[in-house]
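Undergrad: Have a look at this one.
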Amino acid sequence: MARRESKRAHQSKRSCMARRVQDRQVMKTQRWSALAVMLCAVFLAAIDFNVVTIAIPSIQRGLRTNFGEIQLIVAGYALSFAVLLITGGRLGDLYGRRRMYTIGMAGFTIASALCGFAPSPSALIGSRVLQGAFAAVMVPQALSFIEVTFTPREQSLAYAIYGMTIGFGMIAGQVLGGLLVSADLLGLAWRPVFLVNLPFGVVAMTLAWRLVPESRAPAGLKLDLGGVVLVSAALALLLYPLIRGEAAGWPAWTWLSLAGAAVLMVVFVRYERWKTDRSGSPLVVLSLFRHRSFVVGLGVGLSFFSVLAPFLVLLAEYLQSGLDLTPRAAGLRFLPFAIGFLSASFASAPRLGRAILQLGAALMVTGLLTLMAVVHSATLDTSGIAYILPLVIYGLGQGTLQAPLVNFILADVPPDEAGSASGVVTMLQQLSFALGVAVIGSVFLVALGPNPGSTAYGRALDHALAWNIGLLTVTFVAAFALPARLRVRVKESGASA
């Protein structure tokens, strides 16, 4: 009798252990499914940064916009996105990351509909600003989710997927935008490039409530309204003159705005120090900047991310205006880039340490030099086949570098500072995109001249690519300051949500 009871107890224990193992497997699978949902925000935000560049000629014809209005349509999204990202990350810490993701996705979807049905240039500009603001609410939650949900060893893969999603979204914006504009669905011309977001947004919100566990920072944090106002004003004063300065001829107000941005940023840092000492709930956790990998990684990211957006924007402009390609043909020219990028993103190995970042920068420079040789050749320039090799090489380099970069930036960030850190990192990305487009775009416009001839676009692109090569060289050298190998942190509780 005792033997039978012992046997039953042993079987019950084994069954219980099997159920626990099965539950852990289910939870692990659900975490990765939830990550896919969270990355929908990153993908949609990246698409909408680039999709407009292909649609610009169609928008100009449909709404009869001038050049200044086109600049605001493109830059208004980036401006509001970058300005509010740090705030968006902190809101997720305070009120729940799933909740803020859903609110951001809902607002982004509504703003996309407003963009798609905009009756005038001013309506489209306002809708783009609103779209960027809600993107700033939903996107930082993805990085925070990775930081608090996955174990340190799992985070390497999760961050690589995150980086791949950004790059793929930027490429998809070019390709998908070209196809949608050329298709002229239901006679809507450019409008489907925004309306396509609607079904994705509805599906993402539905899946978020089913698959994504709620998480937030420990109790006691409060929203730092003073910090929100100061950093938002500082970033707005920084970005707006950089975006509009060249077209306006750099009048006095642009320089006053830049000076005001510097002053406000100093005030913001001092205020955050005071806030930390007084209540412990700053918008930006300044202790983040004590981590060498975080500070150096941000520097590497600044030079690297500043290259990405202007390359796509200016190459699209060259293909459509310089070579007179249709939006579809221009978009399809980016397919070799997409293939190279995705291949390298899947194969990228963060365990190689900073060498993988330097290999990526070297490949990107090689791709740009090869592309410049193609543009210089009157015979090769008109051949679509000639663009395959340089764009594949460039894509391989970007995928090799971008996928593991976030690993290095966030390697030493504690989980309870995830929201603040993710807001800073995502803000840096968008700030770099906007700075790159503003500065390198200005170089392109100056080289293009007021009355561009047949060779002017090739000359302008050549100048812009030279700046890209310079920034990638800075990226290569700056990477030497990063740790030679990634250190794997250990969480006592493993992955927590």
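Simple scheme: letters A, B, ... for chains in structure tokens order, numbers from 1 for residues in each chain, numbers from 1 for ligands in the order shown.
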So that I can check the secondary structure, give me every residue of range 115-350 of chain A assigned helix (DSSP H, G or I) by backbone DSSP, as a PyMOL selection string.

TA: chain A and resi 115-116+121-138+140-149+152-183+185-187+192-195+197-211+225-248+252-278+286-290+292-322+327-332+335-347+350

Undergrad: Can you pull out the residues contacting Ala189 in chain A? Cut-off 9 Å, using only C-alpha atoms, and skip same-chain residues under 6 positions away; I want them as a PyMOL selection string.

TA: chain A and resi 55+58-59+62+180-183

Undergrad: Quick one: everything within 9 Å of Leu332 in chain A, counting only C-alpha atoms, minus sequence neighbours fewer than 4 positions away in the same chain. Send it as a list in words.

TA: Gln174, Val175, Leu176, Gly178, Leu179, Pro327, Arg328 and Pro336 of chain A

Undergrad: Generate a file of the selected residues that holds N, CA and C atoms, formatted as a short mmCIF file (atom, residue, chain, number, x, y, z; two decimals), in the first residue's frame.

TA:
data_model
loop_
_atom_site.label_atom_id
_atom_site.label_comp_id
_atom_site.auth_asym_id
_atom_site.auth_seq_id
_atom_site.Cartn_x
_atom_site.Cartn_y
_atom_site.Cartn_z
N GLN A 174 10.48 52.70 -49.19
CA GLN A 174 10.82 53.05 -50.57
C GLN A 174 10.13 52.13 -51.57
N VAL A 175 10.24 50.82 -51.34
CA VAL A 175 9.70 49.85 -52.30
C VAL A 175 8.17 49.90 -52.32
N LEU A 176 7.55 49.81 -51.14
CA LEU A 176 6.10 49.81 -51.05
C LEU A 176 5.52 51.13 -51.54
N GLY A 178 6.74 53.16 -53.81
CA GLY A 178 6.79 53.18 -55.26
C GLY A 178 5.71 52.34 -55.90
N LEU A 179 5.47 51.16 -55.35
CA LEU A 179 4.45 50.26 -55.91
C LEU A 179 3.05 50.85 -55.73
N PRO A 327 7.95 56.08 -60.03
CA PRO A 327 8.04 55.67 -58.62
C PRO A 327 8.24 54.18 -58.44
N ARG A 328 7.56 53.37 -59.25
CA ARG A 328 7.72 51.92 -59.13
C ARG A 328 9.14 51.49 -59.48
N PRO A 336 17.86 45.08 -54.25
CA PRO A 336 19.16 44.48 -53.89
C PRO A 336 19.64 44.93 -52.52
#

Undergrad: Within 12 Å of range 81-92 of chain A, which residues of range 152-250 of chain A come that close, and what is the closest atom pair and distance in Å for each? Count only C-alpha atoms and give it as CSV.

TA:
residue,atom,partner,partner_atom,distance
A:Glu214,CA,A:Gly92,CA,9.9
A:Ser215,CA,A:Gly92,CA,8.4
A:Arg216,CA,A:Gly92,CA,6.6
A:Ala217,CA,A:Gly92,CA,8.3
A:Pro218,CA,A:Gly92,CA,11.8
A:Leu221,CA,A:Arg90,CA,9.4
A:Lys222,CA,A:Arg90,CA,9.2
A:Leu223,CA,A:Leu91,CA,7.3
A:Asp224,CA,A:Thr87,CA,8.8
A:Leu225,CA,A:Thr87,CA,9.2
A:Gly226,CA,A:Thr87,CA,11.1
A:Gly227,CA,A:Thr87,CA,8.8
A:Val228,CA,A:Thr87,CA,6.2
A:Val229,CA,A:Thr87,CA,9.6
A:Leu230,CA,A:Val83,CA,10.4
A:Val231,CA,A:Val83,CA,7.5
A:Ser232,CA,A:Val83,CA,5.1
A:Ala233,CA,A:Val83,CA,7.9
A:Ala234,CA,A:Val83,CA,8.4
A:Leu235,CA,A:Val83,CA,5.5
A:Ala236,CA,A:Val83,CA,6.3
A:Leu237,CA,A:Val83,CA,9.8
A:Leu238,CA,A:Val83,CA,9.8
A:Leu239,CA,A:Val83,CA,8.7
A:Tyr240,CA,A:Val83,CA,10.6

Undergrad: Could you list, as a list in words, every residue within 10 Å of Pro241 in chain A, counting only C-alpha atoms and ignoring same-chain residues fewer than 2 positions away?

TA: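 Here the answer would be Ala236, Leu237, Leu238, Leu239, Ile243, Arg244, Gly245, Glu246, Ala247, Ala248, Trp250, Pro251, Trp253, Thr254, Trp255, Leu256, Ser257, Leu258 and Ala438 of chain A.
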